[in-house]
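To start, the structure under review is shown below, and the notes come after it.
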Amino acid sequence: MKKLRRLSSAINGRFLVAASLSGIALAMSVGLLGTSAWLISMASMQPPVLVLEVAIVAVRFFGLSRGFFRYYGRLQEHGLVLNLQTKIRSALYAGFERHLPAEFFGVQRGALLYRTVTDTETVLDLWIRAISPWLSALISGVSGVGIIYFLLPSAGIVIGAIFITSVTVAPWIAYQLSRSEEKSEVQESLLATLISTFDSLPESIIFNRTDEARARVSALQSKLSGVERRSSMSAGIGDFLFQLSTGVSVIIGLYFAADGFAHHRLAGVNVAVIALLPLAIFDGATGLSIAFAELSAILSSANRIDQGISDLIEDIPIQPLNHVDSFSVSGFIPSHLMGKIQPITFTATSERAIIISAPSGVGKSSIVHSLCGLAPFSGELSVDGEVLQELTPELVTVGLQGDHLFQSSIRENLRIAREDLGDREIMQMLEVVELADLVHSLPDGLDTHIGPFGHNFSGGERQRLKLARVLLRHTPIFILDEPFEYLDALQARRIAKRVLTILTSKILIIVSHIDLEIDGEHLHLSK
Amino acid sequence: MKPFDPRLLRYSRSSRGFLILTVVIAAITTAATILIALTLSRLLVAIFTNHSDLSMQRSTIGVLAAAFIVKALALGANQSVAAAYSNRIRSELRNGVFRRIVDGNLQTLYSRGSASTSLLLTRGINDLDGYFTKFLPQLFIATFLPLFVGLTIVRYDLRSGLIIACTVPLIPLFGYMIGRFTGDATEKKLQTLHQLSTYFLDLLEGVTTLKVFGRSKKQSKNIEKIGERYRIETLSVLKVSFLSSLALELVATLSVALIAVSIGLRLVHGGLELRTGLLVLILAPEVYWPIRQVASRFHDVEDGIAVSDQIFTILEGEDLTIGREIGEIQALSWSDLTFEYEGRATVHIPAGVIARGKVHSLVGPSGSGKSTLFAALLGYTRPSSGEILVTTEAGAIPLQEIALPSLRAHISWLPQEPHLSEGTIIEFLGVSTPSEAEALLERVALSASSITGGVTAQIGSMNDFLSYGQKRKLALARAIYKDADVLLIDEPTASVDEASETVIKELLTSNSDPKKIIFFSSHRTGLITSSENEITLRGTR
């Protein structure tokens, strides 16, 4: 877990300080109980009140300061962990972005989501629910044991040994018994199953295919219950052991105190202190077991996060190139279509657009993906005679068929094209794609929220919005994959004409299955 | 936000048993705690005042040990029982929500999207764990323990009892006041959290687009920005809620300190026995801590409570499986319909009828409501005004009175953007043999040999390499294969080449079955002219 450790190294130091504050807060309870016991024992001997004053002040001090230490400790811990959460998320995103999409082929969307969202939250439990409570229990326990040792060394050693044993053994037993590492796998497949079920649900209902999904979800559910039951049983056993050692310590404390008192090694006023302190010492560690019963699940999440994260990438602002004379490909073919279609070769210039057409299923979209570096290919790409590894975003604007509309406003979606876009330029482009009237009619205009997956807009409207976003970019090459889908033929031709005017000085490659009446070189793919 | 929602009892059968067991365990814990205090104080007095040898106190020590064992068992059982029940209750809720959605109430799915809904069912429902395992048992312990412990104290020392009686009500009062004070801030924090996860999901969905636009790297900064905002908002909520814990803690510890000092002073003046003093000292914190715990744990479970609210809203949603059963559909008709979408103009659809034996087409500019009408005919969307009637042998029945499974058994559909479920093509189509599948695909101009792996190929994952056109053809094949009275076809020829278009056109416009209603929308003029009946939507713009 090297990468994760590096991310957390920034907060570890401060987190230890914060957890120590919580530990001191717990230690204050130990102090409170100890001094109160002394105070009462002392008082029963009816000394002058003055003797008690110090103890009275101490009782109040412990009572007051406990709350304050706890307050600062908790606040610090949470702040630091939230900080780490943001770091992990952004590093996960970076890892995802970097390896896109080749390594994610075949990974289900749900699995990906699980790793990025749920694993992150699980991993934070390591700090908040395991490390911090354990550390504070240790601090308060050791300070309580210290007081006992100071009063009666033999009792201190025995009770200390019991405490250390139970604070290590009980969580360890809970951890060993639970074997919860399976949990995250089951949860991941549950999430993935749910997402894929929901994605196709409207259709599955119509075609009566929901039974299988129901069965799969209920099987995963019972598997998950099994894992959870095991970890709750082990947590219960851990808690039981812990409470038991509290009792043992109290009774042992009583014997030691009685013995010490009888042999004049212990002052009478301290008898109650030694017998009662174990109650406070062990109190700090209740509830540790459940955190440790989950530990293996937490660690397996941590491992997966560690695989997924990547260092943050420096963002180099894109400087769009203004003009290139020609773009050519030769012997070009997406790797996975090798042997299935003929490699393609063409040279495109601003005077000569390339129109790629083919029956559906031949691989038009794959060609577009390969051209813009989303899928591996063989063959050669060159711009102005210079051979390139891939077309970068400063050279090319690509309108993909599966382009995503984000859940934000119309304006924000279009600004993905260029950050400095003004409303006037946006409205002009919306005019081109015949959306200006719609936007004018919306009460919130450009601020209208697009909704999940553009749900508030129809297929044709979404298509035109995506087209506007593509056209707002300034690059020398444009590759458009089925840009006029979901539009009626008349509207498609109208918009196509305008698009050609806007892109006159650009190199244009259009993939389309309908005849758009565009001049240029027609490339017909076939098997 | 209520600490206990009675709807839980209604939607989760296990919750009743859980609550009863929790009460029993709380009672046992209370009894053991009181017994420990009684025996422990007696033993201490025996040692300190009477210089008695512990070997004389065997039976008392035996009782003490037994009380500790009982308490340990009770707390261990509490942990296991709470967790086991939490597990059961969460399973019940998850199953309930899943069933409600899978049964066809897609409201949540449409408004949240499938990723966010799935997260609600997994992570969201898991957030309830803390509520069941920590908060709810604590709530019951907090009503029992303080009462009985307080009564025990009153029995031995009235004055300490009075201090407790005066200070204990301060804790829930403080808790209530602070809860009201933080309510809004918590709401805001939860909203930001929702925004953060929505944003993150959205980014993952759209990362390809961002990458080709050269904007994907930039988003790391945005994640940090929103994360930072969430941190600040959360911390400001936490500040108040921890501050409230602090206040409650102060009330509690100061009360204990007050009692301790009062006992001490009365001991000095000989007004109290040492045994009583010790007993009260051991018991006093037990009065306060459960109440304090409830108050301070409330912030841990706020997220869970917010989730339960969303879950109950889904569970309270309409059960669409209830309604009348229908026979063969003869016609579908609708009055003027309106549909409202958030933040945009209302969609109007003029009255219309589609009847069997005919082919109907639906035309109109994009955004005029073609897909919306289909969704309404399927019962997925409800018009905000107007009515849809389904004519069967039994006459015309309003659509919302029909049990949707019965309606849907009679309808087949090609959605505008089909999603392929995972499995082989044969499974997807619902046919039984490869040759049947191949013949079916032939009818929609899809040659099985053009698909890698043929009809036994696994589809539905990210790497099935099917083109958009192939996916639509597969979905169309599935739609025509279903033996249904009504065939709703949204954009049959989108993403389809011209040769295939002719085949599909021929397939759809020649309705030879007098019992079938064919209704399709299309933006291709060629397809439209060949239909017998045309329904035109103008849109509002």
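Residue names in the structure tokens use chain letters A, B, ... in the order shown, residue numbers from 1 in each chain, and ligand numbers from 1 in the order shown.
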
Can you check which residues of range 344-376 of chain B DSSP gives as strand (DSSP E) on the backbone and send them as a PyMOL selection string? chain B and resi 347-349+352-355+359-363

Could you list, as a PyMOL selection string, every residue within 12 Å of Gly62 in chain B, counting only C-alpha atoms and ignoring same-chain residues fewer than 3 positions away? (chain A and resi 247-248+251) or (chain B and resi 35-36+39-40+43+54-59+65-69)

Just want the 12 Å neighbourhood of Asp437 in chain A, counted on only C-alpha atoms, with same-chain residues fewer than 2 positions away dropped. Output as an MDAnalysis selection string. (chainID A and resid 427:435 439:443 445:446 461) or (chainID B and resid 345 367 540:541)

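The shell of residues at most 12 Å from Ser154 in chain A, with only C-alpha atoms counted and near chain neighbours (fewer than 2 positions) removed, consists of Val145, Gly146, Ile147, Ile148, Tyr149, Phe150, Leu151, Leu152, Gly156, Ile157, Val158, Ile159, Gly160, Ala161, Ile252, Gly253, Tyr255, Phe256, Ala257, Asp259, Gly260, Arg265, Leu266 and Ile274 of chain A.
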
Considering only C-alpha atoms, return as JSON, numbers by chain whatever protein or nucleic-acid residues lie within 9 Å of Val117 in chain A, sequence-local ones (same chain, fewer than 2 positions apart) excluded. {"A": [89, 112, 113, 114, 115, 119, 120, 121, 122], "B": [119, 197, 200, 201]}

Write a file of the selected residues as a short mmCIF file (atom, residue, chain, number, x, y, z; two decimals), in the first residue's frame, keeping N, CA and C atoms.
data_model
loop_
_atom_site.label_atom_id
_atom_site.label_comp_id
_atom_site.auth_asym_id
_atom_site.auth_seq_id
_atom_site.Cartn_x
_atom_site.Cartn_y
_atom_site.Cartn_z
N ARG A 89 -9.78 10.71 -3.44
CA ARG A 89 -10.70 10.79 -4.57
C ARG A 89 -10.01 11.38 -5.78
N LEU A 112 -16.29 -0.17 -10.99
CA LEU A 112 -15.48 1.04 -11.01
C LEU A 112 -16.00 2.04 -9.98
N LEU A 113 -17.31 2.18 -9.98
CA LEU A 113 -17.95 3.10 -9.06
C LEU A 113 -17.68 2.69 -7.63
N TYR A 114 -17.79 1.38 -7.40
CA TYR A 114 -17.60 0.89 -6.05
C TYR A 114 -16.22 1.27 -5.54
N ARG A 115 -15.25 1.06 -6.40
CA ARG A 115 -13.89 1.35 -5.97
C ARG A 115 -13.70 2.82 -5.66
N ASP A 119 -15.10 2.32 -1.60
CA ASP A 119 -13.80 1.97 -1.01
C ASP A 119 -13.17 3.15 -0.30
N THR A 120 -13.30 4.33 -0.91
CA THR A 120 -12.70 5.51 -0.30
C THR A 120 -13.27 5.74 1.09
N GLU A 121 -14.59 5.63 1.19
CA GLU A 121 -15.20 5.88 2.49
C GLU A 121 -14.84 4.80 3.50
N THR A 122 -14.76 3.56 3.01
CA THR A 122 -14.40 2.47 3.92
C THR A 122 -13.01 2.67 4.49
N LEU B 119 -26.31 3.25 -5.55
CA LEU B 119 -25.53 3.63 -4.38
C LEU B 119 -26.44 3.82 -3.16
N SER B 197 -21.07 13.54 -4.54
CA SER B 197 -21.04 12.19 -5.12
C SER B 197 -21.69 12.18 -6.50
N PHE B 200 -19.05 13.36 -8.82
CA PHE B 200 -18.02 12.36 -9.03
C PHE B 200 -18.50 11.27 -9.98
N LEU B 201 -19.73 10.83 -9.77
CA LEU B 201 -20.31 9.82 -10.66
C LEU B 201 -20.38 10.34 -12.08
#

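Between CA of Leu16 in chain A and CA of Val169 in chain A there is a distance of 22.3 Å.
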
Can you pull out every residue from range 190-409 of chain B that DSSP, working from the backbone, puts in helix (DSSP H, G or I), and format the result as a PyMOL selection string? chain B and resi 190-212+219-268+274-316+370-377+399-401+404-408

For Gly238 in chain A, which of B:Leu278, B:Leu466, B:Leu73, B:Ile20 is the closest residue, counting only C-alpha atoms? B:Leu73

Got a sec: who's within 9 Å of range 321-338 of chain A, counting only C-alpha atoms, leaving out chain neighbours fewer than 4 positions off, as a PyMOL selection string? chain A and resi 342-350+362-363+366-367+369-371+375-385+394-395+474-477+505-507

I want to know what sits within 8 Å of Gly459 in chain A, based on only C-alpha atoms, with residues of the same chain fewer than 3 positions away left out; could you give that as a PyMOL selection string? (chain A and resi 462-463+486) or (chain B and resi 366-367+416)

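Between CA of Asn50 in chain B and CA of Leu276 in chain A the interatomic distance comes to 18.5 Å.
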
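Interatomic distance, CA of Gly34 in chain A against CA of Val273 in chain A: 5.1 Å.
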
Residue among A:Leu391, A:Ile356, A:Ile309, A:Ile205 lying closest to Pro405 in chain B, counting only C-alpha atoms: A:Ile205
